[in-house]
Amino acid sequence: MTVGDPSFTPSSHDAGVFHSLEYDAILEMLRLRARSRAGRELVMRTRPLHDVSSVRESLEMTRQAVCVLETEGALPYQSLPDVGAVFGVARAVGGRLDPSQLMTVVSLVELAVHVRRVLAPCENAPRLSSLAGRIPDVTDMAAAIRRAIQPDGEVADEASPRLADIRRRIRAARSALQAILDSFLDDRDNERFLQERLITSRNERYVLVVKSEHRARIPGIIHGASSSGASLFVEPLRIVELNNDVVALVDEEQREIARVLADLTARVHDRLPDLERAFQTLAQLDALQAKAILAGDMRAFAPEISDGLRIALEQARHPLLITELEDGSGVSRRAAVEPVPISIRIEPESPVLVISGPNAGGKTVALKTVGLLALMAQSGLFIPAAAGSVLPVFRTVFADIGDEQSIAADLSTFSAHLTTIIEMTRNLESPALVLLDELGSGTDPSEGGALGVGVIEFFHRAGALVVATTHHEAIKSFSLTAPGVTCAALGFDPDTYKPDFRLSYGAQGRSLAFEMAERLGLPESILIEARSRLSRREVEAIDHLKRMAKQERETIELRARLAEEREELARARAEHAREIEKLESRRRMDMREESERYRRKRDEMLACADDEIRAIVLRLATETTRNPIRAGQRARRAAHDAFSRLDQAIGDEVAVSEPLSAGCISVGDRVRVKTFGVVGSLLGWPSADEAELEIEGKRLRVPREELTRIESSPFQRPRTREGEPPVRRHSPGEANLAGLTVEEALVRLDKLLDDAILADMVELRVVHGTGRLRRAVCALLSDHPHVARIRAALPSEGGAGASIVVLRD
């Protein structure tokens, strides 16, 4: 089979390969998942690609379609209309589309707009987004059609001003006709002449139903009679001219409608290339969505495409054996249970795989699985195999599977196989995949085995990747020793001889002819006679293979138990991790609750301190006028005492109960010793397990786990380094009070002393002169809580007109 572009038409041999590998059934599954006729036709023309980059690109498009399907759901491509006939009329010279055909064009444009709006922002599907972005914008044409054509298919009055005017005149004429005829019906003298009090129409003209015997009583034109002849349809002479006007207006209306439709058809004709491109793009997107839906139904994954001849199919399943895949393709299921996955590996250094094993053990299914999955991957389809599976890209695929004997063509089983193989040798084109089922069968076992070895060697030397199944001992022996050839066996239960469909590499498989015959009910006497004719060497070989099969089975079971134990251990570890996470989550919650309790307590204490300060302010308000300086000093002492009590209360109240580490505590932080309940400052870490504390002027070493960190109070003085108070500045500041009144100078000096304390100054130079102001300043400083002592200024510092104030620490 030569593979190529999607328009490739297979030859008779290619068709045979597709049939034998059931590729046509896969396409049928795909067709049923496309939503539109155009999408279904497109997927049925799908053919495998032969270029590595093209295959990778095709699979990437399918992967992005899967992403869109998972995030956005299935897009409504069933709304994609069949526009072949519409485009044909629009393309023809003088063609005119009817309203329903024009609305078909609108449906196409609206679907294109919806798809482009959904796919354009899809960051996980850039190729599909780009593809949808290339859909031309023809909404202006669709809007014009929408304005001209009503949903029921009638041309709207707004289609043209002339059409609106004509219809207005038609309505007016018909209204006048209706009025005249209604007056005729309402006349009691006319009742006896009428068969029915009914206004109807004949030949597009309004008429009355008159009794035949009174035809002369109502002058007018007769347009016909009822089937019984009892009634005549008469157009009264009074309305003949009005009917003529209506008929003329209706003809004029039809001509205007034809002109409007011709104009709209011309607009479609002008945008026909854009419409065709939009239609083709939507059909392509529908086909991609069908691939994505099929991938989900098969639980399939994208294979990796290798540059060399390497196959690594992990947990692969034949698509037509997947029981839950309801495809409706008519392909009969071979099993009512889920197929057993098979793993097939073929490396470049050993490109030939020979599979042996019992009859009905799954050899042919394994062969077809390799070929079919290769064709699916090269067609841009995900394959029903585990993620990480690897496939190469083949230029030719050959399959000799099944019995092609034909009486009409004078072909036996052997000659039919041989004819197929001869055709393979003539048309081989690398890289190639050659699938050979029951190689060497249908003829003498020794000659068939030798011929099978020769065929394998030919394709091996030609560079093909070969997968063959056989029962011939000669071919099995060859696969054990030949370079570049790997043997594998499909296993079975040694107790029941039922196949387990598992592939074991490096082993030869038994055909189990005697066991299969016994299971199928062959008489015991025949089996005894057959076994007696085996040579001693053959019996020993069979026994040896039985023991090997049993050991292989035990090994597989042991591996399965180990895998289960590993899974159980992994589950236990995961459960342990979840429990730890629960405990950690509970601990974090407790800490949050404790922190919240601390905040509430702090807010209460702040409120208490605020109330106490307000009380102090009110109490001192009356003293301010008598002695403001003394009042200010007492206020500062009271505030200092209040904040000290608050600081101590918060420090004693709140501690964060968590294990300490180098990352959560620093030297200088306040900590609590849990055993004794005392609070101190951290001086350092003498060792990894011990902390050195300072508690009330004494040093103490305690174990790390005995400590809990105390959150710092908002009233503590900041530190410049861990554990050290900020360095006080020894350069004196200056308070120049010259030129101020005594009262102004004292207020300013009190403020400057506060600022100096906050700035951690050691000294303050006060310039006060030698008169009355000097005495008032000295009196204030002698009793000020911030002042440690006062010394006279040196001549260089201002002499008798200044004083140096040493501040308290």
# chains A, B, ... in the order shown; residues from 1 in each chain; ligands from 1

$ select_by_dssp --residues "stretch 35-205 of chain A" --states "helix (DSSP H, G or I)" --output "VMD selection string"
chain A and resid 37 to 44 52 to 72 77 to 79 84 to 91 99 to 119 126 to 133 139 to 148 157 to 159 161 to 186 188 to 193

$ select_by_dssp --residues "stretch 3-241 of chain A" --states "strand (DSSP E or B)" --output "VMD selection string"
chain A and resid 149 155 194 to 202 205 to 211 220 to 225 231 to 236

$ residues_around --residues "A:Arg217" --least-positions-apart "4" --cutoff "12 Å" --atoms "only C-alpha atoms" --output "MDAnalysis selection string"
chainID A and resid 189:194 210:213 234 236

$ residues_around --residues "stretch 264-274 of chain A" --least-positions-apart "3" --cutoff "7 Å" --atoms "only C-alpha atoms" --output "PyMOL selection string"
chain A and resi 90-91+96-97+136+141+145+260-261+277-278

$ atom_distance --atom1 "atom CA of A:Gly296" --atom2 "atom CA of A:Ile401"
29.3 Å

$ decode --residues "stretch 752-764 of chain A" --atoms "all heavy atoms" --output "PDB file, in the first residue's frame"
ATOM      1  N   LEU A 752      10.529  70.386  72.868  1.00  0.00           N
ATOM      2  CA  LEU A 752      11.842  69.998  72.361  1.00  0.00           C
ATOM      3  C   LEU A 752      12.458  68.884  73.204  1.00  0.00           C
ATOM      4  O   LEU A 752      13.185  68.023  72.703  1.00  0.00           O
ATOM      5  CB  LEU A 752      12.768  71.213  72.321  1.00  0.00           C
ATOM      6  CG  LEU A 752      12.411  72.272  71.260  1.00  0.00           C
ATOM      7  CD1 LEU A 752      13.308  73.503  71.413  1.00  0.00           C
ATOM      8  CD2 LEU A 752      12.549  71.673  69.859  1.00  0.00           C
ATOM      9  N   LEU A 753      12.204  68.884  74.493  1.00  0.00           N
ATOM     10  CA  LEU A 753      12.702  67.800  75.348  1.00  0.00           C
ATOM     11  C   LEU A 753      12.057  66.465  74.950  1.00  0.00           C
ATOM     12  O   LEU A 753      12.722  65.422  74.922  1.00  0.00           O
ATOM     13  CB  LEU A 753      12.423  68.137  76.816  1.00  0.00           C
ATOM     14  CG  LEU A 753      13.281  69.248  77.419  1.00  0.00           C
ATOM     15  CD1 LEU A 753      12.758  69.649  78.799  1.00  0.00           C
ATOM     16  CD2 LEU A 753      14.750  68.799  77.511  1.00  0.00           C
ATOM     17  N   ASP A 754      10.737  66.503  74.676  1.00  0.00           N
ATOM     18  CA  ASP A 754      10.069  65.271  74.205  1.00  0.00           C
ATOM     19  C   ASP A 754      10.703  64.767  72.912  1.00  0.00           C
ATOM     20  O   ASP A 754      10.983  63.575  72.735  1.00  0.00           O
ATOM     21  CB  ASP A 754       8.584  65.524  73.989  1.00  0.00           C
ATOM     22  CG  ASP A 754       7.834  65.671  75.308  1.00  0.00           C
ATOM     23  OD1 ASP A 754       8.383  65.228  76.340  1.00  0.00           O
ATOM     24  OD2 ASP A 754       6.709  66.207  75.288  1.00  0.00           O
ATOM     25  N   ASP A 755      10.933  65.690  71.964  1.00  0.00           N
ATOM     26  CA  ASP A 755      11.514  65.300  70.681  1.00  0.00           C
ATOM     27  C   ASP A 755      12.912  64.732  70.867  1.00  0.00           C
ATOM     28  O   ASP A 755      13.312  63.778  70.184  1.00  0.00           O
ATOM     29  CB  ASP A 755      11.562  66.509  69.730  1.00  0.00           C
ATOM     30  CG  ASP A 755      10.169  66.982  69.332  1.00  0.00           C
ATOM     31  OD1 ASP A 755       9.215  66.183  69.519  1.00  0.00           O
ATOM     32  OD2 ASP A 755      10.029  68.114  68.838  1.00  0.00           O
ATOM     33  N   ALA A 756      13.692  65.317  71.783  1.00  0.00           N
ATOM     34  CA  ALA A 756      15.050  64.842  72.014  1.00  0.00           C
ATOM     35  C   ALA A 756      15.061  63.432  72.579  1.00  0.00           C
ATOM     36  O   ALA A 756      15.899  62.608  72.222  1.00  0.00           O
ATOM     37  CB  ALA A 756      15.783  65.813  72.952  1.00  0.00           C
ATOM     38  N   ILE A 757      14.130  63.152  73.475  1.00  0.00           N
ATOM     39  CA  ILE A 757      14.021  61.800  74.035  1.00  0.00           C
ATOM     40  C   ILE A 757      13.671  60.800  72.936  1.00  0.00           C
ATOM     41  O   ILE A 757      14.233  59.715  72.835  1.00  0.00           O
ATOM     42  CB  ILE A 757      12.995  61.767  75.170  1.00  0.00           C
ATOM     43  CG1 ILE A 757      13.568  62.453  76.420  1.00  0.00           C
ATOM     44  CG2 ILE A 757      12.585  60.343  75.503  1.00  0.00           C
ATOM     45  CD1 ILE A 757      14.754  61.733  77.045  1.00  0.00           C
ATOM     46  N   LEU A 758      12.675  61.162  72.080  1.00  0.00           N
ATOM     47  CA  LEU A 758      12.277  60.259  70.999  1.00  0.00           C
ATOM     48  C   LEU A 758      13.409  60.032  70.014  1.00  0.00           C
ATOM     49  O   LEU A 758      13.506  58.974  69.389  1.00  0.00           O
ATOM     50  CB  LEU A 758      11.048  60.822  70.260  1.00  0.00           C
ATOM     51  CG  LEU A 758       9.752  60.858  71.074  1.00  0.00           C
ATOM     52  CD1 LEU A 758       8.652  61.558  70.294  1.00  0.00           C
ATOM     53  CD2 LEU A 758       9.330  59.439  71.454  1.00  0.00           C
ATOM     54  N   ALA A 759      14.275  61.057  69.856  1.00  0.00           N
ATOM     55  CA  ALA A 759      15.412  60.942  68.944  1.00  0.00           C
ATOM     56  C   ALA A 759      16.618  60.301  69.606  1.00  0.00           C
ATOM     57  O   ALA A 759      17.680  60.191  68.974  1.00  0.00           O
ATOM     58  CB  ALA A 759      15.788  62.324  68.400  1.00  0.00           C
ATOM     59  N   ASP A 760      16.456  59.852  70.853  1.00  0.00           N
ATOM     60  CA  ASP A 760      17.542  59.183  71.590  1.00  0.00           C
ATOM     61  C   ASP A 760      18.792  60.060  71.707  1.00  0.00           C
ATOM     62  O   ASP A 760      19.931  59.596  71.571  1.00  0.00           O
ATOM     63  CB  ASP A 760      17.889  57.844  70.941  1.00  0.00           C
ATOM     64  CG  ASP A 760      16.854  56.801  71.233  1.00  0.00           C
ATOM     65  OD1 ASP A 760      16.369  56.749  72.379  1.00  0.00           O
ATOM     66  OD2 ASP A 760      16.510  56.036  70.304  1.00  0.00           O
ATOM     67  N   MET A 761      18.596  61.359  71.973  1.00  0.00           N
ATOM     68  CA  MET A 761      19.739  62.243  72.178  1.00  0.00           C
ATOM     69  C   MET A 761      20.265  62.122  73.608  1.00  0.00           C
ATOM     70  O   MET A 761      19.516  61.749  74.514  1.00  0.00           O
ATOM     71  CB  MET A 761      19.332  63.700  71.904  1.00  0.00           C
ATOM     72  CG  MET A 761      19.110  64.006  70.424  1.00  0.00           C
ATOM     73  SD  MET A 761      18.715  65.754  70.179  1.00  0.00           S
ATOM     74  CE  MET A 761      18.664  65.825  68.408  1.00  0.00           C
ATOM     75  N   VAL A 762      21.539  62.478  73.761  1.00  0.00           N
ATOM     76  CA  VAL A 762      22.161  62.433  75.093  1.00  0.00           C
ATOM     77  C   VAL A 762      22.126  63.814  75.748  1.00  0.00           C
ATOM     78  O   VAL A 762      21.835  63.945  76.935  1.00  0.00           O
ATOM     79  CB  VAL A 762      23.610  61.917  74.994  1.00  0.00           C
ATOM     80  CG1 VAL A 762      24.297  61.968  76.369  1.00  0.00           C
ATOM     81  CG2 VAL A 762      23.629  60.510  74.446  1.00  0.00           C
ATOM     82  N   GLU A 763      22.386  64.860  74.956  1.00  0.00           N
ATOM     83  CA  GLU A 763      22.459  66.213  75.496  1.00  0.00           C
ATOM     84  C   GLU A 763      21.643  67.161  74.639  1.00  0.00           C
ATOM     85  O   GLU A 763      21.430  66.900  73.443  1.00  0.00           O
ATOM     86  CB  GLU A 763      23.916  66.708  75.542  1.00  0.00           C
ATOM     87  CG  GLU A 763      24.779  65.936  76.535  1.00  0.00           C
ATOM     88  CD  GLU A 763      26.216  66.455  76.544  1.00  0.00           C
ATOM     89  OE1 GLU A 763      26.543  67.260  75.622  1.00  0.00           O
ATOM     90  OE2 GLU A 763      26.969  66.112  77.440  1.00  0.00           O
ATOM     91  N   LEU A 764      21.220  68.270  75.255  1.00  0.00           N
ATOM     92  CA  LEU A 764      20.482  69.312  74.553  1.00  0.00           C
ATOM     93  C   LEU A 764      21.009  70.655  75.053  1.00  0.00           C
ATOM     94  O   LEU A 764      21.048  70.919  76.262  1.00  0.00           O
ATOM     95  CB  LEU A 764      18.972  69.192  74.839  1.00  0.00           C
ATOM     96  CG  LEU A 764      18.101  70.236  74.149  1.00  0.00           C
ATOM     97  CD1 LEU A 764      18.098  70.011  72.640  1.00  0.00           C
ATOM     98  CD2 LEU A 764      16.670  70.158  74.688  1.00  0.00           C
TER      99      LEU A 764
END
